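Novice: See final26.txt below, with compact mmCIF, N, CA and C atoms.
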# COMPACT_ATOMS: atom_id res chain seq x y z
N MET H 1 22.63 14.61 0.42
CA MET H 1 21.72 15.16 1.42
C MET H 1 20.31 14.59 1.19
N ARG H 2 19.72 14.11 2.25
CA ARG H 2 18.37 13.54 2.15
C ARG H 2 17.33 14.65 2.03
N LYS H 3 16.31 14.35 1.30
CA LYS H 3 15.20 15.29 1.10
C LYS H 3 14.47 15.49 2.43
N PRO H 4 14.15 16.73 2.80
CA PRO H 4 13.37 16.97 4.02
C PRO H 4 11.99 16.30 3.92
N TRP H 5 11.44 15.87 5.07
CA TRP H 5 10.16 15.17 5.10
C TRP H 5 9.05 15.93 4.40
N ASP H 6 8.94 17.24 4.66
CA ASP H 6 7.85 18.01 4.04
C ASP H 6 7.96 17.98 2.52
N ASP H 7 9.17 18.10 1.99
CA ASP H 7 9.36 18.03 0.54
C ASP H 7 9.01 16.64 0.00
N TYR H 8 9.43 15.63 0.73
CA TYR H 8 9.17 14.25 0.34
C TYR H 8 7.67 13.99 0.19
N PHE H 9 6.91 14.35 1.23
CA PHE H 9 5.47 14.09 1.18
C PHE H 9 4.75 15.03 0.22
N MET H 10 5.24 16.26 0.06
CA MET H 10 4.62 17.17 -0.91
C MET H 10 4.90 16.69 -2.34
N ASP H 11 6.10 16.18 -2.57
CA ASP H 11 6.40 15.58 -3.88
C ASP H 11 5.46 14.40 -4.15
N MET H 12 5.18 13.63 -3.11
CA MET H 12 4.26 12.51 -3.24
C MET H 12 2.87 13.02 -3.63
N ALA H 13 2.41 14.09 -2.98
CA ALA H 13 1.10 14.66 -3.30
C ALA H 13 1.07 15.15 -4.75
N ARG H 14 2.15 15.75 -5.19
CA ARG H 14 2.22 16.21 -6.59
C ARG H 14 2.16 15.03 -7.56
N MET H 15 2.81 13.93 -7.20
CA MET H 15 2.77 12.74 -8.05
C MET H 15 1.36 12.17 -8.09
N VAL H 16 0.70 12.11 -6.94
CA VAL H 16 -0.68 11.61 -6.88
C VAL H 16 -1.58 12.47 -7.77
N ALA H 17 -1.33 13.78 -7.80
CA ALA H 17 -2.15 14.70 -8.61
C ALA H 17 -2.10 14.36 -10.10
N THR H 18 -1.06 13.68 -10.55
CA THR H 18 -0.97 13.33 -11.97
C THR H 18 -2.03 12.30 -12.38
N ARG H 19 -2.71 11.68 -11.40
CA ARG H 19 -3.79 10.74 -11.68
C ARG H 19 -5.15 11.42 -11.77
N ALA H 20 -5.21 12.71 -11.44
CA ALA H 20 -6.48 13.44 -11.44
C ALA H 20 -7.12 13.38 -12.83
N THR H 21 -8.46 13.29 -12.84
CA THR H 21 -9.17 13.15 -14.11
C THR H 21 -10.00 14.37 -14.48
N CYS H 22 -9.97 15.42 -13.68
CA CYS H 22 -10.68 16.65 -14.01
C CYS H 22 -9.73 17.58 -14.74
N ASP H 23 -10.17 18.08 -15.88
CA ASP H 23 -9.34 18.95 -16.71
C ASP H 23 -9.10 20.33 -16.09
N ARG H 24 -9.95 20.72 -15.17
CA ARG H 24 -9.88 22.08 -14.62
C ARG H 24 -8.72 22.28 -13.66
N LYS H 25 -8.41 21.28 -12.86
CA LYS H 25 -7.33 21.40 -11.87
C LYS H 25 -6.91 20.00 -11.46
N GLN H 26 -5.61 19.77 -11.40
CA GLN H 26 -5.09 18.49 -10.91
C GLN H 26 -4.61 18.70 -9.48
N VAL H 27 -5.25 18.02 -8.55
CA VAL H 27 -4.94 18.16 -7.13
C VAL H 27 -4.64 16.78 -6.55
N GLY H 28 -3.62 16.73 -5.70
CA GLY H 28 -3.26 15.49 -5.03
C GLY H 28 -3.15 15.72 -3.54
N ALA H 29 -3.45 14.68 -2.77
CA ALA H 29 -3.39 14.76 -1.31
C ALA H 29 -2.80 13.47 -0.75
N VAL H 30 -2.03 13.62 0.32
CA VAL H 30 -1.44 12.48 1.01
C VAL H 30 -1.66 12.69 2.50
N ILE H 31 -2.18 11.67 3.17
CA ILE H 31 -2.37 11.74 4.62
C ILE H 31 -1.25 10.92 5.26
N VAL H 32 -0.61 11.54 6.25
CA VAL H 32 0.58 10.97 6.88
C VAL H 32 0.39 10.96 8.39
N ARG H 33 0.80 9.86 9.01
CA ARG H 33 0.85 9.80 10.47
C ARG H 33 2.16 9.13 10.85
N ASP H 34 2.88 9.74 11.77
CA ASP H 34 4.18 9.22 12.22
C ASP H 34 5.13 8.98 11.06
N ARG H 35 5.14 9.93 10.12
CA ARG H 35 6.00 9.87 8.94
C ARG H 35 5.76 8.64 8.08
N ARG H 36 4.53 8.15 8.10
CA ARG H 36 4.11 7.02 7.27
C ARG H 36 2.87 7.43 6.49
N THR H 37 2.86 7.14 5.21
CA THR H 37 1.70 7.44 4.38
C THR H 37 0.57 6.47 4.72
N ILE H 38 -0.61 7.03 5.05
CA ILE H 38 -1.73 6.14 5.35
C ILE H 38 -2.81 6.19 4.26
N ALA H 39 -2.78 7.22 3.41
CA ALA H 39 -3.74 7.30 2.30
C ALA H 39 -3.31 8.38 1.32
N SER H 40 -3.86 8.27 0.13
CA SER H 40 -3.66 9.32 -0.87
C SER H 40 -4.96 9.48 -1.64
N GLY H 41 -5.10 10.61 -2.29
CA GLY H 41 -6.29 10.85 -3.10
C GLY H 41 -6.03 11.93 -4.13
N TYR H 42 -6.79 11.88 -5.19
CA TYR H 42 -6.72 12.91 -6.23
C TYR H 42 -8.15 13.26 -6.62
N ASN H 43 -8.31 14.40 -7.29
CA ASN H 43 -9.65 14.78 -7.68
C ASN H 43 -10.06 13.99 -8.94
N GLY H 44 -11.19 13.34 -8.80
CA GLY H 44 -11.67 12.51 -9.89
C GLY H 44 -13.11 12.11 -9.66
N SER H 45 -13.67 11.47 -10.64
CA SER H 45 -15.07 11.07 -10.61
C SER H 45 -15.34 10.00 -9.56
N VAL H 46 -16.60 9.90 -9.16
CA VAL H 46 -17.05 8.84 -8.27
C VAL H 46 -16.81 7.51 -8.98
N SER H 47 -16.43 6.50 -8.23
CA SER H 47 -16.19 5.17 -8.82
C SER H 47 -17.35 4.76 -9.70
N GLY H 48 -17.03 4.36 -10.92
CA GLY H 48 -18.04 3.90 -11.86
C GLY H 48 -18.60 4.98 -12.77
N ASP H 49 -18.36 6.25 -12.46
CA ASP H 49 -18.85 7.35 -13.30
C ASP H 49 -17.83 7.65 -14.39
N VAL H 50 -18.24 8.40 -15.39
CA VAL H 50 -17.34 8.82 -16.45
C VAL H 50 -16.40 9.91 -15.92
N HIS H 51 -15.29 10.11 -16.61
CA HIS H 51 -14.29 11.09 -16.19
C HIS H 51 -14.39 12.38 -17.01
N CYS H 52 -14.08 13.47 -16.36
CA CYS H 52 -14.10 14.78 -17.03
C CYS H 52 -13.20 14.77 -18.27
N GLU H 53 -12.02 14.17 -18.13
CA GLU H 53 -11.08 14.18 -19.24
C GLU H 53 -11.63 13.44 -20.47
N ASP H 54 -12.60 12.56 -20.26
CA ASP H 54 -13.20 11.82 -21.36
C ASP H 54 -14.52 12.41 -21.84
N HIS H 55 -15.30 13.02 -20.92
CA HIS H 55 -16.65 13.47 -21.25
C HIS H 55 -16.90 14.94 -20.93
N GLY H 56 -15.88 15.64 -20.47
CA GLY H 56 -16.04 17.05 -20.12
C GLY H 56 -16.49 17.22 -18.68
N CYS H 57 -16.23 18.38 -18.16
CA CYS H 57 -16.61 18.69 -16.79
C CYS H 57 -18.12 18.94 -16.71
N LYS H 58 -18.68 18.70 -15.55
CA LYS H 58 -20.09 18.97 -15.29
C LYS H 58 -20.09 20.18 -14.35
N VAL H 59 -20.22 21.37 -14.92
CA VAL H 59 -20.03 22.61 -14.17
C VAL H 59 -21.37 23.21 -13.74
N VAL H 60 -21.46 23.50 -12.44
CA VAL H 60 -22.61 24.18 -11.86
C VAL H 60 -22.07 25.30 -10.98
N ASP H 61 -22.55 26.51 -11.19
CA ASP H 61 -22.10 27.67 -10.43
C ASP H 61 -20.58 27.81 -10.42
N GLY H 62 -19.96 27.52 -11.55
CA GLY H 62 -18.51 27.69 -11.69
C GLY H 62 -17.67 26.57 -11.12
N HIS H 63 -18.30 25.50 -10.62
CA HIS H 63 -17.55 24.37 -10.03
C HIS H 63 -17.90 23.09 -10.75
N CYS H 64 -16.90 22.23 -10.92
CA CYS H 64 -17.14 20.92 -11.51
C CYS H 64 -17.72 20.03 -10.41
N ILE H 65 -18.93 19.57 -10.61
CA ILE H 65 -19.59 18.74 -9.59
C ILE H 65 -19.43 17.25 -9.87
N ARG H 66 -18.76 16.91 -10.95
CA ARG H 66 -18.53 15.50 -11.28
C ARG H 66 -17.47 14.89 -10.36
N THR H 67 -16.55 15.68 -9.87
CA THR H 67 -15.39 15.14 -9.16
C THR H 67 -15.53 15.17 -7.64
N VAL H 68 -14.86 14.23 -7.02
CA VAL H 68 -14.65 14.22 -5.58
C VAL H 68 -13.26 14.82 -5.39
N HIS H 69 -13.13 15.75 -4.46
CA HIS H 69 -11.85 16.42 -4.25
C HIS H 69 -10.80 15.47 -3.68
N ALA H 70 -9.54 15.79 -3.92
CA ALA H 70 -8.42 14.96 -3.51
C ALA H 70 -8.42 14.70 -2.00
N GLU H 71 -8.64 15.74 -1.21
CA GLU H 71 -8.64 15.60 0.25
C GLU H 71 -9.74 14.66 0.70
N SER H 72 -10.92 14.82 0.11
CA SER H 72 -12.06 13.95 0.44
C SER H 72 -11.76 12.52 0.06
N ASN H 73 -11.19 12.31 -1.12
CA ASN H 73 -10.87 10.96 -1.55
C ASN H 73 -9.89 10.28 -0.61
N ALA H 74 -8.90 11.03 -0.12
CA ALA H 74 -7.92 10.45 0.81
C ALA H 74 -8.59 10.09 2.14
N ILE H 75 -9.42 11.00 2.65
CA ILE H 75 -10.14 10.74 3.91
C ILE H 75 -11.08 9.56 3.74
N LEU H 76 -11.79 9.51 2.62
CA LEU H 76 -12.73 8.41 2.37
C LEU H 76 -12.01 7.08 2.21
N GLN H 77 -10.80 7.11 1.66
CA GLN H 77 -10.01 5.88 1.55
C GLN H 77 -9.70 5.34 2.94
N CYS H 78 -9.36 6.23 3.87
CA CYS H 78 -9.13 5.80 5.26
C CYS H 78 -10.40 5.21 5.85
N ALA H 79 -11.54 5.84 5.61
CA ALA H 79 -12.80 5.33 6.14
C ALA H 79 -13.11 3.95 5.56
N LYS H 80 -12.89 3.79 4.28
CA LYS H 80 -13.20 2.52 3.61
C LYS H 80 -12.37 1.37 4.17
N PHE H 81 -11.11 1.67 4.50
CA PHE H 81 -10.22 0.60 4.95
C PHE H 81 -9.97 0.61 6.46
N GLY H 82 -10.74 1.43 7.19
CA GLY H 82 -10.66 1.41 8.64
C GLY H 82 -9.37 1.96 9.23
N VAL H 83 -8.84 3.02 8.63
CA VAL H 83 -7.60 3.63 9.11
C VAL H 83 -7.93 4.98 9.74
N SER H 84 -7.54 5.17 10.99
CA SER H 84 -7.83 6.42 11.69
C SER H 84 -7.00 7.58 11.14
N THR H 85 -7.65 8.72 10.98
CA THR H 85 -6.97 9.94 10.56
C THR H 85 -6.71 10.88 11.74
N ASP H 86 -7.11 10.47 12.92
CA ASP H 86 -6.96 11.32 14.10
C ASP H 86 -5.49 11.63 14.36
N GLY H 87 -5.16 12.91 14.42
CA GLY H 87 -3.79 13.34 14.70
C GLY H 87 -2.87 13.29 13.49
N ALA H 88 -3.41 13.06 12.31
CA ALA H 88 -2.59 12.94 11.10
C ALA H 88 -2.28 14.31 10.50
N THR H 89 -1.38 14.29 9.53
CA THR H 89 -1.01 15.47 8.76
C THR H 89 -1.46 15.24 7.32
N LEU H 90 -2.00 16.29 6.70
CA LEU H 90 -2.42 16.24 5.30
C LEU H 90 -1.48 17.09 4.48
N TYR H 91 -0.90 16.51 3.45
CA TYR H 91 -0.13 17.23 2.44
C TYR H 91 -1.02 17.32 1.21
N VAL H 92 -1.23 18.52 0.70
CA VAL H 92 -2.11 18.71 -0.44
C VAL H 92 -1.51 19.76 -1.36
N THR H 93 -1.67 19.56 -2.66
CA THR H 93 -1.03 20.45 -3.63
C THR H 93 -1.62 21.86 -3.63
N HIS H 94 -2.88 22.02 -3.22
CA HIS H 94 -3.56 23.32 -3.23
C HIS H 94 -4.32 23.51 -1.92
N PHE H 95 -4.49 24.74 -1.50
CA PHE H 95 -5.22 25.01 -0.27
C PHE H 95 -6.62 24.41 -0.37
N PRO H 96 -7.08 23.72 0.68
CA PRO H 96 -8.39 23.06 0.63
C PRO H 96 -9.56 24.05 0.50
N CYS H 97 -10.58 23.62 -0.21
CA CYS H 97 -11.80 24.40 -0.30
C CYS H 97 -12.53 24.35 1.05
N LEU H 98 -13.59 25.10 1.18
CA LEU H 98 -14.33 25.16 2.44
C LEU H 98 -14.92 23.80 2.83
N GLN H 99 -15.51 23.10 1.89
CA GLN H 99 -16.10 21.79 2.22
C GLN H 99 -15.03 20.79 2.64
N CYS H 100 -13.89 20.77 1.96
CA CYS H 100 -12.81 19.87 2.36
C CYS H 100 -12.25 20.28 3.72
N THR H 101 -12.20 21.58 3.98
CA THR H 101 -11.76 22.07 5.28
C THR H 101 -12.59 21.46 6.38
N LYS H 102 -13.90 21.47 6.21
CA LYS H 102 -14.81 20.91 7.22
C LYS H 102 -14.54 19.41 7.42
N GLN H 103 -14.33 18.70 6.33
CA GLN H 103 -14.07 17.27 6.42
C GLN H 103 -12.73 16.99 7.11
N ILE H 104 -11.73 17.77 6.79
CA ILE H 104 -10.41 17.63 7.40
C ILE H 104 -10.51 17.80 8.92
N ILE H 105 -11.23 18.82 9.34
CA ILE H 105 -11.40 19.08 10.77
C ILE H 105 -12.16 17.92 11.42
N GLN H 106 -13.26 17.50 10.81
CA GLN H 106 -14.08 16.41 11.37
C GLN H 106 -13.30 15.10 11.43
N ALA H 107 -12.34 14.91 10.52
CA ALA H 107 -11.55 13.68 10.48
C ALA H 107 -10.45 13.68 11.55
N GLY H 108 -10.25 14.81 12.24
CA GLY H 108 -9.25 14.87 13.30
C GLY H 108 -7.84 15.13 12.82
N ILE H 109 -7.69 15.52 11.57
CA ILE H 109 -6.37 15.87 11.03
C ILE H 109 -5.94 17.16 11.71
N ASN H 110 -4.71 17.20 12.22
CA ASN H 110 -4.30 18.37 13.00
C ASN H 110 -3.27 19.27 12.34
N GLN H 111 -2.87 18.92 11.12
CA GLN H 111 -1.92 19.77 10.39
C GLN H 111 -2.18 19.64 8.90
N VAL H 112 -2.19 20.78 8.19
CA VAL H 112 -2.36 20.80 6.75
C VAL H 112 -1.20 21.58 6.14
N LEU H 113 -0.45 20.91 5.29
CA LEU H 113 0.62 21.56 4.55
C LEU H 113 0.21 21.57 3.09
N TYR H 114 0.24 22.73 2.47
CA TYR H 114 -0.23 22.86 1.09
C TYR H 114 0.84 23.50 0.22
N GLY H 115 0.80 23.19 -1.06
CA GLY H 115 1.82 23.65 -1.98
C GLY H 115 1.51 24.92 -2.72
N GLU H 116 0.23 25.28 -2.78
CA GLU H 116 -0.18 26.50 -3.51
C GLU H 116 -1.37 27.13 -2.80
N ALA H 117 -1.29 28.43 -2.61
CA ALA H 117 -2.38 29.17 -1.96
C ALA H 117 -3.47 29.48 -2.99
N TYR H 118 -4.14 28.45 -3.46
CA TYR H 118 -5.17 28.56 -4.50
C TYR H 118 -6.52 28.84 -3.86
N GLN H 119 -7.14 29.95 -4.22
CA GLN H 119 -8.47 30.34 -3.76
C GLN H 119 -8.67 30.12 -2.26
N VAL H 120 -7.81 30.73 -1.47
CA VAL H 120 -7.88 30.59 -0.02
C VAL H 120 -9.14 31.27 0.50
N ASP H 121 -9.98 30.49 1.17
CA ASP H 121 -11.23 30.99 1.72
C ASP H 121 -10.98 31.47 3.15
N ASP H 122 -11.36 32.72 3.45
CA ASP H 122 -11.13 33.28 4.78
C ASP H 122 -11.85 32.48 5.87
N TYR H 123 -13.04 32.00 5.57
CA TYR H 123 -13.77 31.22 6.57
C TYR H 123 -13.08 29.88 6.82
N ALA H 124 -12.51 29.28 5.78
CA ALA H 124 -11.76 28.04 5.95
C ALA H 124 -10.57 28.28 6.89
N VAL H 125 -9.86 29.37 6.67
CA VAL H 125 -8.73 29.71 7.54
C VAL H 125 -9.22 29.90 8.98
N GLU H 126 -10.34 30.58 9.13
CA GLU H 126 -10.92 30.80 10.46
C GLU H 126 -11.28 29.47 11.13
N LEU H 127 -11.92 28.57 10.37
CA LEU H 127 -12.29 27.27 10.93
C LEU H 127 -11.07 26.45 11.34
N PHE H 128 -10.06 26.44 10.49
CA PHE H 128 -8.83 25.73 10.84
C PHE H 128 -8.25 26.29 12.14
N GLY H 129 -8.25 27.61 12.27
CA GLY H 129 -7.74 28.24 13.49
C GLY H 129 -8.54 27.85 14.72
N GLN H 130 -9.86 27.90 14.61
CA GLN H 130 -10.73 27.53 15.73
C GLN H 130 -10.52 26.07 16.15
N ALA H 131 -10.24 25.23 15.18
CA ALA H 131 -10.07 23.79 15.46
C ALA H 131 -8.64 23.45 15.89
N GLY H 132 -7.76 24.43 15.84
CA GLY H 132 -6.37 24.18 16.23
C GLY H 132 -5.58 23.41 15.19
N VAL H 133 -6.02 23.46 13.94
CA VAL H 133 -5.31 22.79 12.85
C VAL H 133 -4.20 23.72 12.36
N ALA H 134 -2.97 23.26 12.43
CA ALA H 134 -1.83 24.04 11.96
C ALA H 134 -1.82 24.07 10.44
N LEU H 135 -1.58 25.25 9.87
CA LEU H 135 -1.52 25.43 8.42
C LEU H 135 -0.14 25.92 8.04
N ALA H 136 0.38 25.41 6.92
CA ALA H 136 1.66 25.92 6.42
C ALA H 136 1.72 25.74 4.91
N LEU H 137 2.25 26.75 4.26
CA LEU H 137 2.53 26.69 2.83
C LEU H 137 3.93 26.10 2.69
N VAL H 138 4.06 25.00 1.97
CA VAL H 138 5.36 24.38 1.75
C VAL H 138 5.84 24.79 0.37
N GLU H 139 6.92 25.52 0.35
CA GLU H 139 7.42 26.00 -0.93
C GLU H 139 8.47 25.02 -1.48
N GLN H 140 9.73 25.23 -1.16
CA GLN H 140 10.78 24.36 -1.67
C GLN H 140 11.74 23.98 -0.57
N MET H 141 12.29 22.83 -0.69
CA MET H 141 13.36 22.34 0.21
C MET H 141 13.04 22.57 1.68
N GLY H 142 11.85 22.14 2.08
CA GLY H 142 11.49 22.18 3.50
C GLY H 142 11.16 23.55 4.04
N ASP H 143 10.98 24.53 3.15
CA ASP H 143 10.67 25.89 3.59
C ASP H 143 9.18 26.01 3.84
N ALA H 144 8.77 25.74 5.06
CA ALA H 144 7.35 25.82 5.41
C ALA H 144 7.06 27.15 6.06
N ARG H 145 6.00 27.84 5.59
CA ARG H 145 5.59 29.13 6.14
C ARG H 145 4.15 29.05 6.58
N VAL H 146 3.83 29.68 7.68
CA VAL H 146 2.44 29.74 8.14
C VAL H 146 1.76 30.90 7.46
Now, as a test, write the supplied structure out as structure tokens.
Specialist:
Amino acid sequence: MRKPWDDYFMDMARMVATRATCDRKQVGAVIVRDRRTIASGYNGSVSGDVHCEDHGCKVVDGHCIRTVHAESNAILQCAKFGVSTDGATLYVTHFPCLQCTKQIIQAGINQVLYGEAYQVDDYAVELFGQAGVALALVEQMGDARV
């Protein structure tokens, strides 16, 4: 039996997360359009900066400010290489933070599937709803729940 698409891409996001360089949380993201991967990203330092795993996290107000979030890195990869994210689907290991939510909406991504309901922000959920972005928690074997 072939793996369902949602499991396939979520497994990919989990694999991407293994490259994360922040000790606090390993997050991976994969942007997909027409069942084709167009970008991936993990949380890590800005190109050329030191990594949390080597020099420790730079924490301000309870957040590591050294890292770029996985979702942002994937969106920025598309921008860097001229790939449109309009109408795409984002698979991400954890529910996006508020700032990533705004970027996802601005990038025209219309569906977000996440693997863990980590620190779900009510305003982020509200913004996704207003923008018409479909949200689903992907658990196991294609079991997607809104």
Novice: Enumerate, as a ChimeraX atom specification, the protein, DNA and RNA residues whose atoms approach (-12.6, 26.7, 6.0) to within 8 Å, taking into account only N, CA and C atoms and the coordinate frame of the file.
Specialist: /H:96-102,120-129
Novice: Using only N, CA and C atoms, collect all residues at a distance of at most 6.5 Å from (0.9, 20.2, 3.3) as written in the file, then present them as a list in words.
Specialist: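 Those residues lying close to the given coordinates are Met10, Leu90, Tyr91, Val92, Gln111, Val112, Leu113, Tyr114, Gly115, Ala136 and Val138 of chain H.
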Novice: Between H:Ala79, H:Ala29, H:His63, H:Glu116, single out the one closest to Ala13 of chain H, counting all atoms listed in the file.
Specialist: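 Using all atoms listed in the file, Ala13 of chain H sits closest to H:Ala29.
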Novice: Quick one: residues within 12 Å of His55 of chain H, only C-alpha atoms, excluding same-chain residues fewer than 2 positions away - as JSON, numbers by chain?
Specialist: {"H": [21, 22, 23, 45, 49, 50, 51, 52, 53, 57, 58, 66]}
Novice: So, counting all atoms listed in the file, which residue among H:Asn110, H:Gln77, H:Ser40, H:Ser47 is closest to Leu135 of chain H?
Specialist: H:Asn110
Novice: With a distance cut-off of 6.5 Å and only N, CA and C atoms, select the neighbouring residues of Gly28 of chain H, excluding the residue or stretch itself and same-chain residues fewer than 5 positions from it, and output the selection as a VMD selection string.
Specialist: chain H and resid 13 to 18 41 to 43 70 to 71 91 to 94
Novice: Among segment 2-142 of chain H, which ones does DSSP assign to strand (DSSP E) (computed from the backbone)? Answer as a VMD selection string.
Specialist: chain H and resid 28 to 33 36 to 42 44 to 45 59 to 60 63 to 64 67 to 68 89 to 92 111 to 114 134 to 138
Novice: Output N, CA and C atoms for every residue in the selection just made, as a tab-separated table (two decimals), in the coordinates of the input.
Specialist:
chain	number	residue	atom	x	y	z
H	28	GLY	N	-3.62	16.73	-5.70
H	28	GLY	CA	-3.26	15.49	-5.03
H	28	GLY	C	-3.15	15.72	-3.54
H	29	ALA	N	-3.45	14.68	-2.77
H	29	ALA	CA	-3.39	14.76	-1.31
H	29	ALA	C	-2.80	13.47	-0.75
H	30	VAL	N	-2.03	13.62	0.32
H	30	VAL	CA	-1.44	12.48	1.01
H	30	VAL	C	-1.66	12.69	2.50
H	31	ILE	N	-2.18	11.67	3.17
H	31	ILE	CA	-2.37	11.74	4.62
H	31	ILE	C	-1.25	10.92	5.26
H	32	VAL	N	-0.61	11.54	6.25
H	32	VAL	CA	0.58	10.97	6.88
H	32	VAL	C	0.39	10.96	8.39
H	33	ARG	N	0.80	9.86	9.01
H	33	ARG	CA	0.85	9.80	10.47
H	33	ARG	C	2.16	9.13	10.85
H	36	ARG	N	4.53	8.15	8.10
H	36	ARG	CA	4.11	7.02	7.27
H	36	ARG	C	2.87	7.43	6.49
H	37	THR	N	2.86	7.14	5.21
H	37	THR	CA	1.70	7.44	4.38
H	37	THR	C	0.57	6.47	4.72
H	38	ILE	N	-0.61	7.03	5.05
H	38	ILE	CA	-1.73	6.14	5.35
H	38	ILE	C	-2.81	6.19	4.26
H	39	ALA	N	-2.78	7.22	3.41
H	39	ALA	CA	-3.74	7.30	2.30
H	39	ALA	C	-3.31	8.38	1.32
H	40	SER	N	-3.86	8.27	0.13
H	40	SER	CA	-3.66	9.32	-0.87
H	40	SER	C	-4.96	9.48	-1.64
H	41	GLY	N	-5.10	10.61	-2.29
H	41	GLY	CA	-6.29	10.85	-3.10
H	41	GLY	C	-6.03	11.93	-4.13
H	42	TYR	N	-6.79	11.88	-5.19
H	42	TYR	CA	-6.72	12.91	-6.23
H	42	TYR	C	-8.15	13.26	-6.62
H	44	GLY	N	-11.19	13.34	-8.80
H	44	GLY	CA	-11.67	12.51	-9.89
H	44	GLY	C	-13.11	12.11	-9.66
H	45	SER	N	-13.67	11.47	-10.64
H	45	SER	CA	-15.07	11.07	-10.61
H	45	SER	C	-15.34	10.00	-9.56
H	59	VAL	N	-20.22	21.37	-14.92
H	59	VAL	CA	-20.03	22.61	-14.17
H	59	VAL	C	-21.37	23.21	-13.74
H	60	VAL	N	-21.46	23.50	-12.44
H	60	VAL	CA	-22.61	24.18	-11.86
H	60	VAL	C	-22.07	25.30	-10.98
H	63	HIS	N	-18.30	25.50	-10.62
H	63	HIS	CA	-17.55	24.37	-10.03
H	63	HIS	C	-17.90	23.09	-10.75
H	64	CYS	N	-16.90	22.23	-10.92
H	64	CYS	CA	-17.14	20.92	-11.51
H	64	CYS	C	-17.72	20.03	-10.41
H	67	THR	N	-16.55	15.68	-9.87
H	67	THR	CA	-15.39	15.14	-9.16
H	67	THR	C	-15.53	15.17	-7.64
H	68	VAL	N	-14.86	14.23	-7.02
H	68	VAL	CA	-14.65	14.22	-5.58
H	68	VAL	C	-13.26	14.82	-5.39
H	89	THR	N	-1.38	14.29	9.53
H	89	THR	CA	-1.01	15.47	8.76
H	89	THR	C	-1.46	15.24	7.32
H	90	LEU	N	-2.00	16.29	6.70
H	90	LEU	CA	-2.42	16.24	5.30
H	90	LEU	C	-1.48	17.09	4.48
H	91	TYR	N	-0.90	16.51	3.45
H	91	TYR	CA	-0.13	17.23	2.44
H	91	TYR	C	-1.02	17.32	1.21
H	92	VAL	N	-1.23	18.52	0.70
H	92	VAL	CA	-2.11	18.71	-0.44
H	92	VAL	C	-1.51	19.76	-1.36
H	111	GLN	N	-2.87	18.92	11.12
H	111	GLN	CA	-1.92	19.77	10.39
H	111	GLN	C	-2.18	19.64	8.90
H	112	VAL	N	-2.19	20.78	8.19
H	112	VAL	CA	-2.36	20.80	6.75
H	112	VAL	C	-1.20	21.58	6.14
H	113	LEU	N	-0.45	20.91	5.29
H	113	LEU	CA	0.62	21.56	4.55
H	113	LEU	C	0.21	21.57	3.09
H	114	TYR	N	0.24	22.73	2.47
H	114	TYR	CA	-0.23	22.86	1.09
H	114	TYR	C	0.84	23.50	0.22
H	134	ALA	N	-2.97	23.26	12.43
H	134	ALA	CA	-1.83	24.04	11.96
H	134	ALA	C	-1.82	24.07	10.44
H	135	LEU	N	-1.58	25.25	9.87
H	135	LEU	CA	-1.52	25.43	8.42
H	135	LEU	C	-0.14	25.92	8.04
H	136	ALA	N	0.38	25.41	6.92
H	136	ALA	CA	1.66	25.92	6.42
H	136	ALA	C	1.72	25.74	4.91
H	137	LEU	N	2.25	26.75	4.26
H	137	LEU	CA	2.53	26.69	2.83
H	137	LEU	C	3.93	26.10	2.69
H	138	VAL	N	4.06	25.00	1.97
H	138	VAL	CA	5.36	24.38	1.75
H	138	VAL	C	5.84	24.79	0.37
Novice: Report the distance between atom CA of Cys78 of chain H and atom CA of Asp34 of chain H in Å, rounded to one decimal place.
Specialist: 15.4 Å
